[in-house]
$ cat upload-v1.txt   # compact mmCIF, C-alpha atoms
# COMPACT_ATOMS: atom_id res chain seq x y z
CA MET A 1 30.19 14.05 7.12
CA SER A 2 32.77 11.22 7.21
CA LEU A 3 32.15 7.82 5.67
CA ARG A 4 29.86 5.55 7.65
CA TRP A 5 31.49 2.27 8.56
CA ILE A 6 28.67 -0.17 8.67
CA LEU A 7 28.67 -3.92 9.14
CA ALA A 8 27.84 -5.65 5.88
CA SER A 9 26.54 -8.89 4.43
CA VAL A 10 24.98 -10.70 7.39
CA LEU A 11 23.43 -14.05 6.50
CA LEU A 12 20.20 -14.93 8.34
CA THR A 13 19.57 -18.54 7.34
CA CYS A 14 16.92 -20.78 8.84
CA GLY A 15 19.56 -22.33 11.04
CA VAL A 16 20.37 -18.93 12.53
CA ALA A 17 17.06 -17.13 12.58
CA GLY A 18 14.70 -20.03 13.18
CA CYS A 19 12.54 -22.11 10.85
CA GLY A 20 10.45 -20.63 8.06
CA ASP A 21 10.42 -16.97 7.12
CA GLU A 22 10.28 -15.57 10.66
CA ALA A 23 13.27 -13.56 11.92
CA THR A 24 14.07 -13.58 15.63
CA ASP A 25 16.33 -10.53 15.95
CA GLN A 26 14.15 -8.81 18.56
CA PRO A 27 15.03 -5.70 20.61
CA GLY A 28 17.96 -6.41 22.90
CA SER A 29 19.03 -9.63 21.17
CA PRO A 30 22.65 -9.99 19.97
CA PRO A 31 23.38 -9.11 16.34
CA PRO A 32 23.35 -11.99 13.85
CA PRO A 33 26.70 -13.46 12.77
CA LEU A 34 28.60 -11.83 9.95
CA ALA A 35 28.99 -13.25 6.47
CA THR A 36 31.67 -11.97 4.14
CA THR A 37 29.96 -12.54 0.80
CA THR A 38 26.48 -12.47 -0.70
CA GLU A 39 24.92 -15.40 -2.49
CA GLU A 40 24.64 -15.52 -6.26
CA SER A 41 21.25 -14.44 -7.58
CA ARG A 42 19.43 -15.49 -10.75
CA PRO A 43 17.73 -12.52 -12.49
CA ALA A 44 14.84 -14.57 -13.87
CA GLY A 45 14.15 -16.44 -10.64
CA ALA A 46 12.04 -15.86 -7.55
CA PRO A 47 13.43 -14.29 -4.35
CA ASP A 48 14.19 -16.85 -1.64
CA LEU A 49 12.62 -15.37 1.48
CA ALA A 50 14.27 -18.02 3.67
CA ALA A 51 17.78 -16.86 2.70
CA ALA A 52 18.04 -13.32 4.09
CA GLU A 53 21.39 -11.56 4.01
CA GLU A 54 22.04 -8.34 5.89
CA VAL A 55 23.68 -5.85 3.53
CA VAL A 56 24.15 -2.86 5.86
CA ARG A 57 23.03 -1.67 9.27
CA GLY A 58 22.92 1.59 11.18
CA ILE A 59 21.07 3.56 8.46
CA ASP A 60 19.03 6.58 9.61
CA VAL A 61 15.43 6.08 8.38
CA PRO A 62 16.15 4.66 4.90
CA TRP A 63 13.40 5.61 2.43
CA GLY A 64 14.16 5.79 -1.30
CA LEU A 65 16.38 3.14 -2.91
CA ASP A 66 17.43 2.59 -6.51
CA PHE A 67 20.31 0.99 -8.36
CA LEU A 68 23.09 2.49 -10.46
CA PRO A 69 24.12 0.75 -13.69
CA ASP A 70 27.16 -0.76 -11.92
CA GLY A 71 24.89 -2.55 -9.43
CA ALA A 72 25.57 -0.26 -6.46
CA ALA A 73 22.51 1.05 -4.61
CA LEU A 74 21.76 4.64 -3.68
CA VAL A 75 19.73 5.00 -0.49
CA ALA A 76 18.03 8.14 0.86
CA GLU A 77 18.04 8.89 4.58
CA ARG A 78 14.76 10.65 5.32
CA ASP A 79 15.79 12.81 8.26
CA THR A 80 19.41 13.67 7.38
CA GLY A 81 18.83 14.43 3.68
CA GLN A 82 21.87 12.32 2.83
CA VAL A 83 22.28 9.87 -0.03
CA LEU A 84 24.42 6.80 0.65
CA ARG A 85 26.08 4.48 -1.86
CA ILE A 86 25.71 0.86 -0.81
CA VAL A 87 27.75 -2.06 -2.10
CA PRO A 88 27.51 -5.39 -0.25
CA GLY A 89 30.70 -6.13 1.65
CA ARG A 90 31.93 -2.52 1.65
CA PRO A 91 31.41 0.42 4.00
CA ALA A 92 28.41 2.63 3.16
CA GLU A 93 29.57 5.89 1.62
CA GLN A 94 27.83 9.25 1.76
CA VAL A 95 27.89 10.58 -1.81
CA TYR A 96 25.44 13.48 -1.67
CA GLU A 97 23.34 15.63 0.65
CA VAL A 98 20.20 17.16 -0.82
CA PRO A 99 20.06 20.84 0.20
CA GLY A 100 16.83 22.32 1.55
CA VAL A 101 15.37 19.15 3.07
CA VAL A 102 13.04 20.02 5.96
CA ALA A 103 12.39 16.78 7.82
CA GLY A 104 9.46 16.50 10.18
CA GLY A 105 6.70 13.99 10.78
CA GLU A 106 6.61 11.80 7.68
CA GLY A 107 8.39 14.42 5.55
CA GLY A 108 12.05 14.66 4.57
CA LEU A 109 14.15 13.09 1.84
CA LEU A 110 11.82 10.45 0.42
CA GLY A 111 11.92 8.75 -2.98
CA LEU A 112 14.95 8.26 -5.23
CA ALA A 113 15.02 7.26 -8.90
CA ILE A 114 17.99 6.76 -11.20
CA SER A 115 17.61 8.14 -14.71
CA PRO A 116 17.12 5.34 -17.25
CA ARG A 117 19.76 7.19 -19.29
CA TYR A 118 22.16 7.48 -16.38
CA THR A 119 25.20 6.39 -18.37
CA GLU A 120 24.62 9.42 -20.62
CA ASP A 121 23.07 12.08 -18.36
CA ARG A 122 24.24 10.98 -14.83
CA TYR A 123 20.98 12.21 -13.25
CA VAL A 124 19.59 11.08 -9.91
CA TYR A 125 16.04 12.21 -9.06
CA ALA A 126 14.79 12.85 -5.53
CA TYR A 127 11.41 13.69 -3.98
CA PHE A 128 11.67 15.67 -0.74
CA THR A 129 9.88 17.94 1.68
CA ALA A 130 11.17 21.52 1.51
CA ALA A 131 10.24 24.60 3.56
CA SER A 132 7.08 25.34 1.59
CA ASP A 133 6.16 22.19 -0.34
CA ASN A 134 7.11 18.74 -1.54
CA ARG A 135 9.18 18.85 -4.71
CA ILE A 136 11.27 16.81 -7.12
CA VAL A 137 14.84 17.65 -8.04
CA ARG A 138 17.47 16.02 -10.18
CA PHE A 139 21.19 16.23 -9.69
CA ARG A 140 24.50 14.78 -10.68
CA LEU A 141 26.64 13.58 -7.80
CA GLY A 142 28.83 16.48 -6.73
CA GLU A 143 26.68 19.15 -8.43
CA PRO A 144 23.82 21.40 -7.22
CA PRO A 145 20.27 20.10 -7.77
CA GLU A 146 17.78 21.38 -10.32
CA VAL A 147 14.07 21.60 -9.43
CA VAL A 148 11.98 19.77 -12.03
CA PHE A 149 8.58 19.81 -10.28
CA ASP A 150 7.31 21.64 -7.20
CA GLY A 151 4.12 22.86 -5.58
CA ILE A 152 3.01 19.54 -4.05
CA ALA A 153 1.40 20.48 -0.73
CA LYS A 154 3.24 19.25 2.38
CA ALA A 155 2.04 18.28 5.84
CA GLY A 156 3.16 16.29 8.87
CA ASN A 157 1.85 13.20 7.11
CA HIS A 158 0.36 12.05 3.79
CA ASN A 159 3.30 13.40 1.77
CA GLY A 160 3.45 10.47 -0.65
CA GLY A 161 6.99 10.46 -1.98
CA ARG A 162 7.61 7.42 -4.16
CA ILE A 163 9.07 8.11 -7.61
CA ALA A 164 10.01 5.60 -10.32
CA PHE A 165 10.73 5.57 -14.03
CA GLY A 166 8.29 3.43 -15.98
CA PRO A 167 8.95 1.18 -18.96
CA ASP A 168 8.04 4.16 -21.16
CA GLY A 169 10.90 6.26 -19.76
CA MET A 170 8.52 8.66 -18.00
CA LEU A 171 8.78 9.58 -14.30
CA TYR A 172 5.84 8.42 -12.18
CA VAL A 173 5.16 10.11 -8.84
CA GLY A 174 2.96 9.00 -5.93
CA THR A 175 1.66 11.94 -3.90
CA GLY A 176 -0.46 12.24 -0.76
CA ASP A 177 -3.41 14.45 0.05
CA ALA A 178 -1.40 16.26 2.77
CA GLY A 179 -4.54 16.19 4.89
CA ARG A 180 -6.41 18.23 2.27
CA ARG A 181 -8.89 15.53 1.34
CA ALA A 182 -10.74 17.48 -1.33
CA ASP A 183 -7.51 17.90 -3.31
CA SER A 184 -7.56 14.21 -4.20
CA GLN A 185 -10.62 14.85 -6.39
CA ASP A 186 -9.39 18.18 -7.76
CA PRO A 187 -7.90 17.51 -11.22
CA ASP A 188 -5.89 20.73 -11.02
CA SER A 189 -4.12 19.79 -7.77
CA PRO A 190 -1.05 17.52 -7.80
CA ASN A 191 -1.98 16.12 -4.38
CA GLY A 192 -3.67 12.75 -3.94
CA LYS A 193 -2.55 11.68 -7.40
CA ILE A 194 -0.20 9.57 -9.43
CA LEU A 195 1.63 11.98 -11.72
CA ARG A 196 3.35 11.11 -14.99
CA LEU A 197 6.15 13.47 -15.96
CA THR A 198 8.81 13.77 -18.63
CA PRO A 199 12.39 13.53 -17.34
CA ASP A 200 12.47 17.34 -17.48
CA GLY A 201 9.43 17.58 -15.19
CA GLY A 202 6.75 18.51 -17.72
CA ALA A 203 3.41 16.83 -18.28
CA ALA A 204 4.16 13.63 -20.19
CA PRO A 205 2.69 13.24 -23.67
CA GLY A 206 -0.27 10.90 -23.76
CA ASN A 207 -1.54 11.78 -20.28
CA PRO A 208 -5.35 11.66 -19.87
CA ARG A 209 -5.54 15.47 -20.02
CA ALA A 210 -3.22 17.32 -22.37
CA ASP A 211 -0.72 19.52 -20.53
CA SER A 212 -1.67 18.00 -17.15
CA PRO A 213 0.74 15.85 -15.12
CA VAL A 214 -2.15 13.88 -13.57
CA TYR A 215 -2.23 10.20 -14.54
CA SER A 216 -4.79 8.99 -11.96
CA LEU A 217 -6.65 10.64 -9.10
CA GLY A 218 -8.66 9.89 -5.97
CA HIS A 219 -5.69 8.67 -3.92
CA ARG A 220 -5.04 9.23 -0.22
CA ASN A 221 -1.31 8.52 0.15
CA VAL A 222 0.59 6.57 -2.52
CA GLN A 223 4.02 5.24 -1.53
CA GLY A 224 4.41 2.16 -3.72
CA LEU A 225 4.80 1.97 -7.53
CA ALA A 226 5.85 -1.04 -9.62
CA TRP A 227 5.28 -2.58 -13.07
CA ASP A 228 4.80 -6.21 -13.97
CA SER A 229 6.22 -8.05 -16.99
CA ARG A 230 3.22 -6.93 -19.07
CA GLY A 231 3.92 -3.28 -18.34
CA ARG A 232 0.96 -2.83 -15.98
CA LEU A 233 1.36 -0.30 -13.16
CA PHE A 234 0.44 -1.26 -9.60
CA ALA A 235 0.33 1.07 -6.59
CA ALA A 236 0.06 0.68 -2.82
CA GLU A 237 -2.03 3.18 -0.89
CA PHE A 238 -2.54 3.93 2.80
CA GLY A 239 -6.11 3.84 4.03
CA GLN A 240 -7.45 5.95 6.86
CA ASN A 241 -8.98 3.76 9.56
CA ALA A 242 -10.23 0.68 7.77
CA PHE A 243 -8.64 -0.44 4.50
CA ASP A 244 -5.25 -0.20 2.84
CA GLU A 245 -5.14 -0.92 -0.87
CA LEU A 246 -3.23 -2.49 -3.73
CA ASN A 247 -4.48 -0.96 -6.98
CA LEU A 248 -4.03 -1.67 -10.66
CA ILE A 249 -3.50 1.82 -12.10
CA GLU A 250 -5.02 2.78 -15.41
CA PRO A 251 -4.77 6.26 -16.93
CA GLY A 252 -7.58 8.64 -16.08
CA ARG A 253 -9.18 6.36 -13.49
CA ASN A 254 -10.52 7.72 -10.21
CA TYR A 255 -9.72 5.55 -7.16
CA GLY A 256 -12.33 7.08 -4.92
CA TRP A 257 -10.71 8.88 -2.00
CA PRO A 258 -12.17 10.53 0.07
CA ALA A 259 -15.62 9.29 -1.02
CA VAL A 260 -14.56 5.63 -0.74
CA GLU A 261 -11.99 3.79 1.35
CA GLY A 262 -11.42 0.25 0.10
CA THR A 263 -14.04 -1.41 -2.13
CA GLY A 264 -17.58 -0.30 -2.86
CA GLY A 265 -16.94 2.48 -5.32
CA SER A 266 -17.39 0.69 -8.64
CA GLY A 267 -21.09 1.49 -8.80
CA ARG A 268 -20.32 5.16 -8.19
CA GLY A 269 -17.85 5.67 -11.00
CA PHE A 270 -14.73 4.79 -9.01
CA THR A 271 -12.18 1.98 -9.51
CA ASP A 272 -12.01 -0.63 -6.75
CA PRO A 273 -8.69 -2.00 -5.45
CA LEU A 274 -7.46 -5.47 -6.29
CA VAL A 275 -6.59 -6.26 -2.67
CA THR A 276 -7.42 -4.63 0.67
CA TRP A 277 -5.99 -5.13 4.13
CA SER A 278 -6.90 -3.72 7.50
CA THR A 279 -4.61 -0.87 8.47
CA ASP A 280 -3.32 -2.96 11.42
CA GLU A 281 -2.18 -5.67 8.98
CA ALA A 282 -0.45 -3.43 6.48
CA SER A 283 -0.02 0.35 6.19
CA PRO A 284 1.81 -0.36 2.92
CA SER A 285 4.73 1.69 1.64
CA GLY A 286 6.97 0.24 -1.08
CA ILE A 287 6.12 -2.49 -3.56
CA ALA A 288 8.15 -4.54 -6.04
CA ILE A 289 7.22 -7.22 -8.57
CA ALA A 290 9.22 -10.37 -9.30
CA ALA A 291 8.19 -13.74 -10.75
CA ASN A 292 4.54 -12.63 -11.13
CA THR A 293 4.33 -11.77 -7.44
CA VAL A 294 3.83 -8.36 -5.85
CA TYR A 295 5.92 -7.80 -2.71
CA VAL A 296 4.35 -5.23 -0.39
CA THR A 297 6.08 -3.78 2.68
CA ALA A 298 3.99 -3.14 5.78
CA LEU A 299 4.87 -0.46 8.32
CA ARG A 300 2.25 -0.75 11.03
CA GLY A 301 1.69 -4.40 10.10
CA GLU A 302 5.44 -5.16 10.47
CA ARG A 303 5.57 -7.81 7.78
CA LEU A 304 6.09 -8.41 4.06
CA TRP A 305 3.04 -9.34 2.01
CA THR A 306 3.22 -11.39 -1.19
CA VAL A 307 0.37 -11.18 -3.68
CA PRO A 308 0.40 -13.58 -6.66
CA LEU A 309 -0.65 -12.11 -9.99
CA THR A 310 -2.98 -14.33 -12.03
CA ASP A 311 -4.67 -14.11 -15.40
CA SER A 312 -7.91 -13.11 -13.68
CA GLY A 313 -6.45 -10.74 -11.09
CA THR A 314 -4.67 -11.74 -7.89
CA GLY A 315 -4.26 -14.86 -5.80
CA THR A 316 -4.43 -15.15 -2.03
CA PRO A 317 -2.03 -12.79 -0.20
CA ALA A 318 0.45 -14.30 2.26
CA ASP A 319 2.50 -12.60 4.94
CA HIS A 320 6.13 -13.16 5.93
CA PHE A 321 8.43 -11.99 8.74
CA ARG A 322 5.50 -11.00 10.95
CA ASP A 323 7.02 -8.97 13.80
CA GLY A 324 10.46 -10.30 12.88
CA TYR A 325 12.23 -7.24 11.46
CA GLY A 326 9.71 -4.63 12.60
CA ARG A 327 8.45 -1.87 10.31
CA LEU A 328 9.26 -2.42 6.63
CA ARG A 329 9.45 0.58 4.27
CA THR A 330 10.96 -0.12 0.85
CA VAL A 331 11.36 -3.17 -1.36
CA VAL A 332 13.18 -3.16 -4.71
CA VAL A 333 14.32 -5.78 -7.21
CA ALA A 334 18.04 -5.41 -7.89
CA PRO A 335 19.57 -5.84 -11.36
CA ASP A 336 20.68 -9.37 -10.41
CA GLY A 337 17.11 -10.32 -9.43
CA ALA A 338 17.69 -10.19 -5.67
CA LEU A 339 15.06 -8.53 -3.51
CA TRP A 340 16.31 -5.68 -1.28
CA LEU A 341 14.22 -4.75 1.76
CA THR A 342 14.62 -1.86 4.21
CA THR A 343 13.42 -1.62 7.78
CA SER A 344 11.99 1.60 9.24
CA ASN A 345 12.25 1.26 13.00
CA THR A 346 14.18 4.51 13.59
CA ASP A 347 11.40 6.65 12.12
CA GLY A 348 9.92 7.47 15.53
CA ARG A 349 7.18 4.86 15.37
CA GLY A 350 9.04 1.58 15.68
CA ASP A 351 10.71 -0.54 18.33
CA ILE A 352 14.42 -0.28 17.55
CA ARG A 353 16.19 -3.60 17.18
CA THR A 354 19.91 -4.25 17.30
CA GLY A 355 21.48 -2.82 14.15
CA ASP A 356 18.49 -0.80 12.98
CA ASP A 357 17.83 0.44 10.50
CA ARG A 358 19.10 -2.21 8.14
CA ILE A 359 18.84 -3.35 4.54
CA LEU A 360 18.27 -7.03 3.80
CA ARG A 361 18.91 -8.91 0.58
CA PHE A 362 17.13 -12.06 -0.62
CA PRO A 363 18.85 -13.80 -3.58
CA SER A 364 16.68 -15.02 -6.41
CA ARG A 365 16.79 -18.73 -7.24
$ encode --input "upload-v1.txt" --output "structure tokens"
Amino acid sequence: MSLRWILASVLLTCGVAGCGDEATDQPGSPPPPLATTTEESRPAGAPDLAAAEEVVRGIDVPWGLDFLPDGAALVAERDTGQVLRIVPGRPAEQVYEVPGVVAGGEGGLLGLAISPRYTEDRYVYAYFTAASDNRIVRFRLGEPPEVVFDGIAKAGNHNGGRIAFGPDGMLYVGTGDAGRRADSQDPDSPNGKILRLTPDGGAAPGNPRADSPVYSLGHRNVQGLAWDSRGRLFAAEFGQNAFDELNLIEPGRNYGWPAVEGTGGSGRGFTDPLVTWSTDEASPSGIAIAANTVYVTALRGERLWTVPLTDSGTGTPADHFRDGYGRLRTVVVAPDGALWLTTSNTDGRGDIRTGDDRILRFPSR
């Protein structure tokens, strides 16, 4: 496939998009004006949600996103199986296509994670739906992939898919129950779990059960993983009909699905979530943490949630961009502290706006 020439670096300030955090680029409206540069970002600051910049547009269902050591982003397109290199102000460049991706429903090329030793090993990790299962591969750009973990049951939905390297250098994996609800409580199944793997795909040392990749269980569909400054792991999880969840993940804990959705499980040996939302308000996918705040993308809810972290737990959640950009899939903190946010309106469930799907950048002040 040839290089994709995509408009870059569009600044959506309050004067352009309207007051406050709300965007007004609705279906059929003209595209926002172009900007030729991105604003400087302060790594230790907080993302300025009133200073959105459009990095790229015309992406086909962006899903996974992570950053190379040089600051460029790699972005996974769910349905094409392609990996794009994104640098603000330059055309998006296809740099890889993962072989064997079988896209359908919520499956396809999902999470991406850059090896923490990328300068030495050059590995990129990807979670994707294949013909028979969901699996994780690693590859060097320009070389064939190597399977590091497979056998995660697939389905039209509940495929999980988020992968991320933790502060300990281990690979964490959010999986779904693939519609097989009982698997979430089966300690020998990888489905409905958060897995903790070595970079080679084995069970990480120090896991709750020796020689098992399972780090926590009782999950329905985990698509958000992030760590705070204290090294604590948080995860976002899709509920069924009532409650979506933000959980603090601790090794060996059971988060209740399918016996419990939302709170009410603590007296039954399960761990309750920190925050719940109705599924209409959220349907959370990616999460990121900056300045002691959890940023949670909402698909069905079509907004970005912010959840303050406090000494005693969490503060009051607030929502931003309600109905402004449509479905939001992935949020990541860049090396310069800026917050990158992807829309997901071309995934078959959204109302496509001019320029979709796009990636937005919010500089940190």
$ closest_residue --input "upload-v1.txt" --among "A:Pro258, A:Gly174, A:Gly111, A:Gly166" --to "Asp228 of chain A" --atoms "all atoms listed in the file"
A:Gly166
$ residues_around --input "upload-v1.txt" --residues "Phe362 of chain A" --least-positions-apart "2" --cutoff "8 Å" --atoms "all atoms listed in the file" --output "CSV table (one decimal) with C-alpha atoms, keeping the file's coordinate frame"
chain,number,residue,atom,x,y,z
A,47,PRO,CA,13.4,-14.3,-4.4
A,48,ASP,CA,14.2,-16.8,-1.6
A,49,LEU,CA,12.6,-15.4,1.5
A,50,ALA,CA,14.3,-18.0,3.7
A,51,ALA,CA,17.8,-16.9,2.7
A,52,ALA,CA,18.0,-13.3,4.1
A,53,GLU,CA,21.4,-11.6,4.0
A,338,ALA,CA,17.7,-10.2,-5.7
A,339,LEU,CA,15.1,-8.5,-3.5
A,340,TRP,CA,16.3,-5.7,-1.3
A,360,LEU,CA,18.3,-7.0,3.8
A,364,SER,CA,16.7,-15.0,-6.4
$ closest_residue --input "upload-v1.txt" --among "A:Asp177, A:Glu281, A:Ala259, A:Gly160" --to "Val222 of chain A" --atoms "all atoms listed in the file"
A:Gly160
$ residues_near_point --input "upload-v1.txt" --point "(11.2, 23.7, -18.2)" --cutoff "12 Å" --atoms "all atoms listed in the file" --output "number ranges by chain"
A: 146-150, 197-203
$ residues_near_point --input "upload-v1.txt" --point "(-0.5, 10.8, -10.7)" --cutoff "7 Å" --atoms "all atoms listed in the file" --output "ChimeraX atom specification"
/A:172-174,193-196,213-217
$ residues_around --input "upload-v1.txt" --residues "Asn157 of chain A" --least-positions-apart "2" --cutoff "10 Å" --atoms "all atoms listed in the file" --output "count of residues only"
13
$ atom_distance --input "upload-v1.txt" --atom1 "atom CA of Arg138 of chain A" --atom2 "atom CA of Ala334 of chain A"
21.6 Å
$ atom_distance --input "upload-v1.txt" --atom1 "atom CA of Gly252 of chain A" --atom2 "atom CA of Asp272 of chain A"
13.9 Å
$ residues_around --input "upload-v1.txt" --residues "Leu74 of chain A" --least-positions-apart "6" --cutoff "10 Å" --atoms "all atoms listed in the file" --output "PyMOL selection string"
chain A and resi 64-68+83-87+92-96+112-114+124
$ residues_around --input "upload-v1.txt" --residues "segment 180-192 of chain A" --least-positions-apart "6" --cutoff "6 Å" --atoms "only C-alpha atoms" --output "ChimeraX atom specification"
/A:152,218-220
$ closest_residue --input "upload-v1.txt" --among "A:Thr297, A:Thr306, A:Thr314, A:Thr37" --to "Thr342 of chain A" --atoms "all atoms listed in the file"
A:Thr297
$ atom_distance --input "upload-v1.txt" --atom1 "atom CA of Glu302 of chain A" --atom2 "atom CA of Ile352 of chain A"
12.4 Å
$ axis_aligned_box --input "upload-v1.txt" --around "segment 197-200 of chain A" --padding-each-side "4 Å" --output "lines of an AutoDock Vina configuration file"
center_x = 9.3
center_y = 15.4
center_z = -17.3
size_x = 14.3
size_y = 11.9
size_z = 10.7
$ closest_residue --input "upload-v1.txt" --among "A:Ala164, A:Ala103, A:Glu77, A:Gly89" --to "Gly58 of chain A" --atoms "only C-alpha atoms"
A:Glu77
$ closest_residue --input "upload-v1.txt" --among "A:Arg230, A:Arg358, A:Arg42, A:His320" --to "Trp63 of chain A" --atoms "all atoms listed in the file"
A:Arg358
$ decode --input "upload-v1.txt" --residues "segment 253-293 of chain A" --atoms "C-alpha atoms" --output "PDB file, in the first residue's frame"
ATOM      1  CA  ARG A 253      -7.800 -10.609  43.134  1.00  0.00           C
ATOM      2  CA  ASN A 254     -11.118 -11.735  41.672  1.00  0.00           C
ATOM      3  CA  TYR A 255     -13.228  -8.907  40.181  1.00  0.00           C
ATOM      4  CA  GLY A 256     -16.469 -10.826  40.163  1.00  0.00           C
ATOM      5  CA  TRP A 257     -17.687 -11.367  36.615  1.00  0.00           C
ATOM      6  CA  PRO A 258     -20.090 -13.030  35.826  1.00  0.00           C
ATOM      7  CA  ALA A 259     -21.381 -13.302  39.411  1.00  0.00           C
ATOM      8  CA  VAL A 260     -21.241  -9.523  39.913  1.00  0.00           C
ATOM      9  CA  GLU A 261     -21.497  -6.541  37.585  1.00  0.00           C
ATOM     10  CA  GLY A 262     -20.420  -3.317  39.286  1.00  0.00           C
ATOM     11  CA  THR A 263     -20.338  -3.127  43.095  1.00  0.00           C
ATOM     12  CA  GLY A 264     -21.806  -5.531  45.627  1.00  0.00           C
ATOM     13  CA  GLY A 265     -19.252  -8.305  45.505  1.00  0.00           C
ATOM     14  CA  SER A 266     -17.010  -7.427  48.438  1.00  0.00           C
ATOM     15  CA  GLY A 267     -19.052  -9.501  50.865  1.00  0.00           C
ATOM     16  CA  ARG A 268     -18.806 -12.483  48.533  1.00  0.00           C
ATOM     17  CA  GLY A 269     -15.045 -12.588  48.178  1.00  0.00           C
ATOM     18  CA  PHE A 270     -14.815 -10.312  45.143  1.00  0.00           C
ATOM     19  CA  THR A 271     -13.096  -6.930  44.702  1.00  0.00           C
ATOM     20  CA  ASP A 272     -15.382  -3.973  44.001  1.00  0.00           C
ATOM     21  CA  PRO A 273     -14.526  -1.307  41.410  1.00  0.00           C
ATOM     22  CA  LEU A 274     -13.372   2.162  42.369  1.00  0.00           C
ATOM     23  CA  VAL A 275     -15.787   3.850  39.960  1.00  0.00           C
ATOM     24  CA  THR A 276     -18.822   2.675  37.997  1.00  0.00           C
ATOM     25  CA  TRP A 277     -20.752   4.270  35.166  1.00  0.00           C
ATOM     26  CA  SER A 278     -23.885   3.268  33.325  1.00  0.00           C
ATOM     27  CA  THR A 279     -23.072   1.637  30.001  1.00  0.00           C
ATOM     28  CA  ASP A 280     -24.795   4.551  28.195  1.00  0.00           C
ATOM     29  CA  GLU A 281     -22.373   6.989  29.843  1.00  0.00           C
ATOM     30  CA  ALA A 282     -19.173   5.097  29.174  1.00  0.00           C
ATOM     31  CA  SER A 283     -18.412   1.724  27.554  1.00  0.00           C
ATOM     32  CA  PRO A 284     -14.762   2.428  28.404  1.00  0.00           C
ATOM     33  CA  SER A 285     -11.842   1.346  26.252  1.00  0.00           C
ATOM     34  CA  GLY A 286      -8.431   2.969  26.786  1.00  0.00           C
ATOM     35  CA  ILE A 287      -7.166   4.722  29.888  1.00  0.00           C
ATOM     36  CA  ALA A 288      -4.129   6.868  30.665  1.00  0.00           C
ATOM     37  CA  ILE A 289      -2.863   8.539  33.833  1.00  0.00           C
ATOM     38  CA  ALA A 290      -1.310  12.004  34.053  1.00  0.00           C
ATOM     39  CA  ALA A 291      -1.028  14.470  36.946  1.00  0.00           C
ATOM     40  CA  ASN A 292      -2.836  12.093  39.354  1.00  0.00           C
ATOM     41  CA  THR A 293      -5.829  11.895  37.037  1.00  0.00           C
TER      42      THR A 293
END
